[in-house]
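Peer 1: Before anything else, here's the structure in question.
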Amino acid sequence: MRLPSDAKASFATYFNAFPASYWGHWTTVEVVHLRLALRGAGRLDVYRSTADGVPVHVHGAVVSGSVDLPLGLDGFTDGGWYWFDLTASDDDLVLESGGWYAPGPAPGRAAVAVGMPTFNRPTDCVATLAAIGADPLVLQAVTAVIIPDQGAAKVRDSEGFDAAANALDGKLRIIDQPNIGGSGGYARVMYEALRSTDCEQILFMDDDIVLEPDSILRALAFSRFAREPMLVGGQMLKLPDRSELHTMGEVVDRRIFMWRYAPGTEPDHDLAVEPLRRTPWLHRRVDVDYNAWWMCLIPRAVAEDVGLPLPLFIKWDDCEYGLRAAAAGYPTATVPGVAVWHMSFADKDDNSDWQSYFLTRNRLVAAALHLSSERPVGLLVNSLRRTLGRLLLLEYSTVALQHRAARDFLTGPEALFGSLPTALGEVRALRAGFADGSPLPDGPPADAPAVRRASPRPGNPVQLVAAVGRAIAHNLRPVNPRHHARPQLHITTRYARWYVLAGLDGVLVSTSDGRATVFRKRDRKLFVSMFAEAVRLHVELARSFPRMRRSYRAAFGDLTSIQGWKRVFER
């Protein structure tokens with residue numbers, strides 16, 4: 001960076017500042033060195049922050065040439081960062097290089113197997129391979145790059161593949177296998193890394209990312225300096241909006257056994273609007289239960305101890321692994337400054353489309369394995385409430401998938417491996433049998449134009465109870481058949497809320513990606529029968545949960561073993 005005369009630049013930014021509280025809490029590093037190579041002269045000012053984001057000036061001097069400034073990591077118990085500002089003097093000041101360094105080399109060795117399952121994203125995958133091969137320091141640390149290719153559009157056939165593969169210097173391994181989901185892909189990565197490489201670390205990454213290669217080195221450094229073996233998670237920045245931080249970290253709410261953003265954090269934070277220096281909550285250290293597998297580094301020793309991912313296809317596999325590792329004494333840290341850009345989740349309907357089957361079944365499986373109580377009262381109450389919400393949203397296909405998921409959970413763990421190659425087709429076929437599960441390229445014209453602003457949510461408990469009562473009463477009335485031919489309203493997904501849709505008989509809803517619409521049609525008989533079935537299933541889940549808990553825990557060793565997965569891979 002070149003600073004003209006009298007100009008000032010602050011490096012209090014996401015990738016340039018140093019998350020001191022994370023390093024001080026989780027690693028053996030007690031002093032970090034700020035090393036800069038400068039051309040010209042200027043002023044260096046170094047700041048630290050408190051857990052509340054208050055900046056504290058710790059060093060100021062006129063500098064030129066090389067700078068090596070040791071900074072202690074004490075006093076960062078609850079949070080805080082280091083950063084520096086540079087001010088040019090009368091002439092230009094050039095920062096030629098800089099970094100945060102430990103006083104000595106990290107223990108052990110950097111030998112990471114990078115794994116990236118892919119499904120019909122060959123262009124994105126090749127771009128990530130090229131990014132790894134283009135960074136000499138990253139490539140030096142990489143033992144193997146393992147790509148389970150589960151799609152029809154193959155990575156090998158993508159433009160630029162040969163050049164990207166050649167740059168990896170023989171370290172690339174591509175394994176063609178059927179689509180057995182994300183958990184099947186990541187399990188294959190770990191399976192191959194443990195059986196056929198001498199790696200010390202295994203790095204999971206998604207295929208729809210843009211990689212900052214230095215994040216691999218940062219994750220490796222954090223892992224090697226850690227006080228004890230642990231998972232090191234990278235954060236997600238949004239690919240369409242490069243300055244947006246999706247989340248600082250995630251936890252599992254044990255009361256209802258559902259993931260959520262860590263307390264005290266805010267999702268989808270735009271660092272361009274509210275940067276680090278002006279956002280107090282970003283300075284608190286955030287402790288997590290797990291890290292999503294858009295980027296997560298797992299030490300070999302942890303994988304050998306706790307096993308491979310569960311055969312869940314998608315959803316809850318990363319969360320369950322974090323809970324499992326923590327129970328075995330291996331925590332997870334989601335480290336700021338270690339990150340990838342990932343496609344946004346805004347254009348996905350994963351809570352209501354075919355993925356809702358896996359969300360429901362796998363949540364129950366994970367609860368059976370990790371919930372301390374034998375009676376999951378909070379989970380079941382939350383689940384039944386959500387089911388009623390889906391019925392009021394006229395999402396009968398979603399409820400049908402949830403019912404299928406509950407029944408499949410109750411059959412026991414024996415079917416999990418066998419369902420990997422078949423479950424996706426079966427749940428998609430089930431969903432397609434419902435009007436709300438069959439997107440239309442262009443639906444019929446509605447009585448009212450597309451609604452693009454939110455209706456007010458019931459504002460207090462009395463209004464909420466009254467709204468629910470009116471919604472249920474309307475769903476018990478006969479349907480006006482006219483509204484099944486011509487929808488009453490066209491509404492975007494963002495504003496399709498139960499307190500709007502529950503009073504309608506026919507409504508056209510745009511999908512979240514805006515590419516199609518869904519004609520949701522109220523059905524009084526389905527509403528009654530599905531809610532009755534939901535109550536019956538939740539009663540059965542409550543009655544059978546202690547037995548299912550014992551069953552899943554007894555099968556856990558096989559479900560996560562190399563031998564168990566070997567039967568899948570060698571079919």
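We name chains A, B, ... following the order of the structure tokens; residues begin at 1 in each chain, and ligands are numbered from 1 as shown.
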Can you pull out every residue within 10 Å of Ile132 in chain A, counting only C-alpha atoms, but drop anything in the same chain fewer than 3 positions away, and send it as a list in words?
Peer 2: Val114, Val126, Ala127, Thr128, Leu129, Asp135, Pro136, Leu137, Val138, Leu139, Gln140, Val142, Val145, Ala164, Ala167, Leu168, Leu211, Glu212, Pro213, Asp214 and Ile216 of chain A
Peer 1: As a PDB file with C-alpha atoms, in the first residue's frame, please: the residues near range 37-39 of chain A (cut-off 7 Å, only C-alpha atoms, same-chain neighbours under 2 positions excluded).
Peer 2:
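The resulting file, around_3.pdb, is reproduced below:
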```
ATOM      1  CA  ARG A  35       6.231  -7.070  11.621  1.00  0.00           C
ATOM      2  CA  ALA A  41       9.105   7.225   6.903  1.00  0.00           C
ATOM      3  CA  SER A  64      10.969   3.535   8.716  1.00  0.00           C
ATOM      4  CA  GLY A  65      12.440   0.374   7.265  1.00  0.00           C
ATOM      5  CA  SER A  66      11.667  -2.753   9.252  1.00  0.00           C
ATOM      6  CA  VAL A  67       9.389  -2.861  12.289  1.00  0.00           C
ATOM      7  CA  LEU A  93       5.131   5.886   2.721  1.00  0.00           C
ATOM      8  CA  VAL A  94       4.957   2.395   1.211  1.00  0.00           C
ATOM      9  CA  LEU A  95       3.932  -0.680   3.205  1.00  0.00           C
ATOM     10  CA  GLU A  96       5.598  -3.461   1.229  1.00  0.00           C
ATOM     11  CA  SER A  97       4.579  -6.339   3.509  1.00  0.00           C
ATOM     12  CA  GLY A  98       3.277  -6.971   6.978  1.00  0.00           C
TER      13      GLY A  98
END
```
Peer 1: Return as a ChimeraX atom specification the full set of residues in range 102-257 of chain A whose backbone-based DSSP assignment is helix (DSSP H, G or I).
Peer 2: /A:122-134,136-141,155-157,161-167,181-196,214-225
Peer 1: Using only C-alpha atoms, determine which residues lie at most 9 Å from range 149-163 of chain A, disregarding the query and same-chain residues fewer than 2 positions distant; provide the list as a ChimeraX atom specification.
Peer 2: /A:116-123,125-127,129-130,147,165-168,174-181,185
Peer 1: Find the residues around Ala193 in chain A up to 9 Å (only C-alpha atoms counted), leave out those fewer than 4 positions away in its own chain, and share them as a ChimeraX atom specification.
Peer 2: /A:113-115,144,146,188-189,197-199,201-202,300
Peer 1: Excluding Pro439 in chain A and residues on its chain fewer than 4 positions from it, collect all residues at most 6 Å away from it, counting only C-alpha atoms, and give them as an MDAnalysis selection string.
Peer 2: chainID A and resid 516:518
